file target_4.cif (mmCIF, C-alpha atoms)
data_coords
#
loop_
_atom_site.label_atom_id
_atom_site.label_comp_id
_atom_site.auth_asym_id
_atom_site.auth_seq_id
_atom_site.Cartn_x
_atom_site.Cartn_y
_atom_site.Cartn_z
CA MET I 1 -24.09 -38.26 68.58
CA LEU I 2 -21.67 -36.49 66.32
CA ASN I 3 -18.05 -37.61 66.44
CA LYS I 4 -15.73 -34.69 67.29
CA LYS I 5 -12.77 -36.06 65.33
CA LYS I 6 -14.85 -36.59 62.19
CA ILE I 7 -16.26 -33.06 62.34
CA LEU I 8 -12.84 -31.49 62.84
CA ALA I 9 -11.31 -33.65 60.10
CA ASN I 10 -14.07 -32.64 57.68
CA LEU I 11 -13.65 -28.95 58.54
CA ALA I 12 -9.90 -29.21 58.04
CA GLY I 13 -10.43 -30.96 54.70
CA VAL I 14 -12.88 -28.32 53.49
CA GLY I 15 -10.53 -25.51 54.56
CA PHE I 16 -7.58 -27.13 52.82
CA PHE I 17 -9.64 -27.76 49.68
CA LEU I 18 -10.86 -24.15 49.56
CA SER I 19 -7.36 -22.76 50.05
CA VAL I 20 -5.93 -24.95 47.28
CA VAL I 21 -8.80 -24.27 44.87
CA SER I 22 -8.73 -20.51 45.45
CA GLY I 23 -4.96 -20.42 44.84
CA THR I 24 -5.30 -22.51 41.68
CA ALA I 25 -8.13 -20.39 40.36
CA LEU I 26 -6.13 -17.20 40.86
CA ALA I 27 -3.04 -18.73 39.25
CA GLN I 28 -4.98 -19.78 36.14
CA LYS I 29 -6.75 -16.46 35.70
CA PRO I 30 -5.45 -14.80 32.54
CA VAL I 31 -3.66 -11.52 33.02
CA SER I 32 -4.43 -8.85 30.46
CA MET I 33 -2.32 -5.82 29.88
CA PRO I 34 -3.99 -2.56 30.94
CA VAL I 35 -4.85 0.04 28.34
CA SER I 36 -3.53 2.98 30.28
CA GLU I 37 -1.12 3.49 33.15
CA GLN I 38 -3.96 4.71 35.40
CA GLU I 39 -5.74 1.35 35.09
CA ASN I 40 -2.51 -0.39 35.99
CA VAL I 41 -2.30 1.58 39.26
CA GLN I 42 -5.99 1.09 40.08
CA PHE I 43 -6.20 -2.64 39.51
CA ARG I 44 -2.79 -3.91 40.51
CA ARG I 45 -2.86 -7.52 41.64
CA ILE I 46 -1.61 -8.17 45.16
CA GLU I 47 0.07 -11.52 45.58
CA GLN I 48 -0.37 -13.24 48.93
CA PRO I 49 2.30 -15.61 50.22
CA LEU I 50 1.20 -19.23 50.63
CA GLY I 51 2.16 -19.15 54.32
CA LEU I 52 -0.24 -16.27 54.94
CA LYS I 53 -3.07 -18.12 53.18
CA ALA I 54 -2.35 -21.21 55.27
CA ALA I 55 -2.28 -19.19 58.51
CA VAL I 56 -5.62 -17.53 57.73
CA THR I 57 -7.16 -20.91 56.83
CA VAL I 58 -5.88 -22.60 59.99
CA GLY I 59 -7.05 -19.65 62.11
CA GLY I 60 -10.51 -19.80 60.53
CA ILE I 61 -10.78 -23.53 61.10
CA GLY I 62 -9.67 -23.03 64.69
CA LEU I 63 -12.37 -20.42 65.27
CA ILE I 64 -15.02 -22.66 63.69
CA GLY I 65 -13.88 -25.51 65.92
CA LEU I 66 -14.08 -23.26 68.97
CA GLU I 67 -17.65 -22.25 68.10
CA LEU I 68 -18.67 -25.87 67.55
CA TRP I 69 -17.19 -26.84 70.89
CA TRP I 70 -18.90 -23.91 72.65
CA PHE I 71 -22.38 -24.57 71.26
CA LEU I 72 -22.39 -28.35 70.80
CA PHE I 73 -19.84 -30.02 73.03
CA SER I 74 -19.32 -27.89 76.13
CA LYS I 75 -20.39 -29.70 79.28
CA SER I 76 -23.65 -28.78 80.92
CA LYS I 77 -23.86 -28.62 84.69
CA THR I 78 -26.77 -30.64 86.07
CA VAL I 79 -27.84 -30.09 89.67
CA GLN I 80 -30.60 -31.69 91.74
CA ALA I 81 -32.94 -29.13 93.34
CA ASN I 82 -32.89 -28.91 97.15
CA ARG I 83 -36.07 -30.03 98.85
CA ASN I 84 -37.52 -27.89 101.66
CA GLN I 85 -40.83 -29.43 102.81
CA ASP I 86 -43.04 -29.38 99.68
CA ILE I 87 -40.89 -26.92 97.70
CA GLN I 88 -37.96 -27.79 95.46
CA GLU I 89 -35.61 -24.84 95.40
CA ILE I 90 -32.37 -23.94 93.63
CA THR I 91 -30.39 -20.76 92.98
CA ILE I 92 -29.26 -20.14 89.41
CA THR I 93 -26.51 -17.58 88.82
CA VAL I 94 -27.02 -15.48 85.69
CA ASP I 95 -23.57 -14.39 84.53
CA GLY I 96 -22.79 -14.88 80.84
CA GLY I 97 -25.33 -17.71 80.85
CA TYR I 98 -27.03 -19.82 83.49
CA GLU I 99 -25.09 -21.71 86.16
CA PRO I 100 -26.27 -24.44 86.56
CA ASN I 101 -28.02 -24.72 83.22
CA GLN I 102 -29.75 -28.04 83.94
CA VAL I 103 -31.90 -28.63 87.00
CA VAL I 104 -33.40 -31.98 88.02
CA VAL I 105 -36.73 -31.74 89.88
CA GLU I 106 -39.55 -34.06 90.88
CA ALA I 107 -42.72 -33.84 88.78
CA GLY I 108 -45.87 -32.80 90.61
CA GLN I 109 -44.06 -30.69 93.23
CA LEU I 110 -43.71 -26.90 93.39
CA VAL I 111 -40.38 -25.66 91.95
CA ARG I 112 -38.80 -22.38 93.01
CA LEU I 113 -35.96 -21.10 90.84
CA ASN I 114 -34.02 -18.22 92.40
CA PHE I 115 -32.23 -16.33 89.63
CA PHE I 116 -29.31 -14.19 90.85
CA ARG I 117 -28.35 -11.88 87.97
CA ARG I 118 -24.76 -10.59 87.99
CA ASP I 119 -24.45 -9.87 84.23
CA ALA I 120 -25.53 -6.39 83.12
CA SER I 121 -26.07 -7.33 79.46
CA SER I 122 -29.52 -6.58 78.09
CA CYS I 123 -29.94 -10.12 76.78
CA LEU I 124 -30.08 -11.52 80.31
CA GLU I 125 -32.58 -8.96 81.66
CA LYS I 126 -35.43 -11.41 81.30
CA VAL I 127 -35.96 -15.13 81.79
CA LEU I 128 -38.59 -17.02 79.79
CA VAL I 129 -40.13 -20.35 80.75
CA PRO I 130 -42.53 -20.85 77.82
CA ASP I 131 -44.08 -24.16 78.97
CA PHE I 132 -45.43 -22.40 82.07
CA HIS I 133 -46.16 -19.02 80.37
CA ILE I 134 -43.57 -17.22 82.50
CA ALA I 135 -41.69 -14.10 81.40
CA GLN I 136 -39.91 -12.57 84.40
CA ASP I 137 -37.63 -9.52 84.49
CA LEU I 138 -34.40 -10.12 86.40
CA THR I 139 -33.07 -7.26 88.51
CA LEU I 140 -29.30 -6.76 88.46
CA ASN I 141 -27.46 -8.01 91.61
CA GLN I 142 -30.69 -9.25 93.19
CA VAL I 143 -32.46 -12.58 93.49
CA THR I 144 -35.66 -12.95 91.47
CA THR I 145 -37.90 -15.91 92.23
CA VAL I 146 -39.84 -17.89 89.62
CA GLU I 147 -42.28 -20.57 90.80
CA PHE I 148 -44.20 -23.24 88.88
CA THR I 149 -45.28 -26.86 89.18
CA PRO I 150 -44.33 -29.34 86.44
CA GLU I 151 -47.31 -31.72 86.47
CA LYS I 152 -45.80 -34.26 84.06
CA PRO I 153 -42.28 -35.66 83.77
CA GLY I 154 -40.33 -34.20 80.88
CA GLU I 155 -37.86 -31.60 79.74
CA TYR I 156 -38.80 -27.93 80.10
CA THR I 157 -36.60 -25.14 78.79
CA PHE I 158 -35.86 -21.67 80.08
CA SER I 159 -33.98 -18.98 78.19
CA CYS I 160 -33.01 -15.35 78.08
CA GLY I 161 -35.22 -12.84 76.29
CA MET I 162 -33.29 -13.27 73.02
CA ASN I 163 -33.09 -17.09 73.29
CA MET I 164 -29.28 -16.95 73.15
CA TYR I 165 -28.71 -18.51 76.57
CA ARG I 166 -30.73 -21.58 77.51
CA GLY I 167 -31.24 -24.01 80.33
CA LYS I 168 -33.32 -27.11 81.03
CA ILE I 169 -35.54 -28.28 83.82
CA LEU I 170 -35.67 -32.07 83.89
CA ALA I 171 -38.82 -33.18 85.72
CA GLN I 172 -38.73 -36.83 86.81
CA LEU I 173 -40.99 -39.16 88.72
CA ASN I 174 -39.64 -40.19 92.10
#

call {"tool": "encode", "arguments": {"input": "target_4.cif", "output": "structure tokens"}}
result
Amino acid sequence: MLNKKKILANLAGVGFFLSVVSGTALAQKPVSMPVSEQENVQFRRIEQPLGLKAAVTVGGIGLIGLELWWFLFSKSKTVQANRNQDIQEITITVDGGYEPNQVVVEAGQLVRLNFFRRDASSCLEKVLVPDFHIAQDLTLNQVTTVEFTPEKPGEYTFSCGMNMYRGKILAQLN
């Protein structure tokens, strides 16, 4: 597993290095005198204060860190499916992603996923479960049911139509 502190320290080091190198490179660039006054107006050099460069660098590193946290380190919610007779059932809310995004089920038993779509974005109009050859359209503000039986224990994924939002079905032996 990647260490958060090492990643952030490396990103900060790279950002600092790039800001120092870019400032040094600009400072060492020779300045030639323009031939005419029009060239002077067209290609006038704009000096940036060091504080502004530092603020932009820190802001960029902060945004990179936020993206890394969002995609790599944010906590997944794992929920055990409810068992009603021979059917394992759970409702998944579709609103800017899947909630919960990890479902634990028993292998060899019928699974019923009830997707309740509240997000109107086009990305979440469809849910794909490729291991079971399922591509189901999700109606806005309604529950859409997807059923399948995982015969073997393992990890099965489901995603939106653009594969931007993902979830997992963890089938286990009981």

call {"tool": "resolve_selection", "arguments": {"input": "target_4.cif", "expression": "the PyMOL selection byres ((chain I and resi 162) around 10)", "output": "ChimeraX atom specification"}}
result
/I:122-128,159-161,163-166

call {"tool": "write_last_selection", "arguments": {"input": "target_4.cif", "atoms": "C-alpha atoms", "output": "short mmCIF file (atom, residue, chain, number, x, y, z; two decimals), in the frame of the given file"}}
result
data_model
loop_
_atom_site.label_atom_id
_atom_site.label_comp_id
_atom_site.auth_asym_id
_atom_site.auth_seq_id
_atom_site.Cartn_x
_atom_site.Cartn_y
_atom_site.Cartn_z
CA SER I 122 -29.52 -6.58 78.09
CA CYS I 123 -29.94 -10.12 76.78
CA LEU I 124 -30.08 -11.52 80.31
CA GLU I 125 -32.58 -8.96 81.66
CA LYS I 126 -35.43 -11.41 81.30
CA VAL I 127 -35.96 -15.13 81.79
CA LEU I 128 -38.59 -17.02 79.79
CA SER I 159 -33.98 -18.98 78.19
CA CYS I 160 -33.01 -15.35 78.08
CA GLY I 161 -35.22 -12.84 76.29
CA ASN I 163 -33.09 -17.09 73.29
CA MET I 164 -29.28 -16.95 73.15
CA TYR I 165 -28.71 -18.51 76.57
CA ARG I 166 -30.73 -21.58 77.51
#

call {"tool": "closest_residue", "arguments": {"input": "target_4.cif", "among": "I:Leu110, I:Lys4, I:Ala54, I:Glu67", "to": "Gln85 (chain I)", "atoms": "all atoms listed in the file"}}
result
I:Leu110

call {"tool": "closest_residue", "arguments": {"input": "target_4.cif", "among": "I:Ile169, I:Ile92, I:Val111, I:Leu11", "to": "Gly60 (chain I)", "atoms": "only C-alpha atoms"}}
result
I:Leu11

call {"tool": "residues_around", "arguments": {"input": "target_4.cif", "residues": "region 5-10 of chain I", "least_positions_apart": "6", "cutoff": "12 Å", "atoms": "only C-alpha atoms", "output": "count of residues only"}}
result
14

call {"tool": "atom_distance", "arguments": {"input": "target_4.cif", "atom1": "CA of Ala135 (chain I)", "atom2": "CA of Glu147 (chain I)"}}
result
11.4 Å
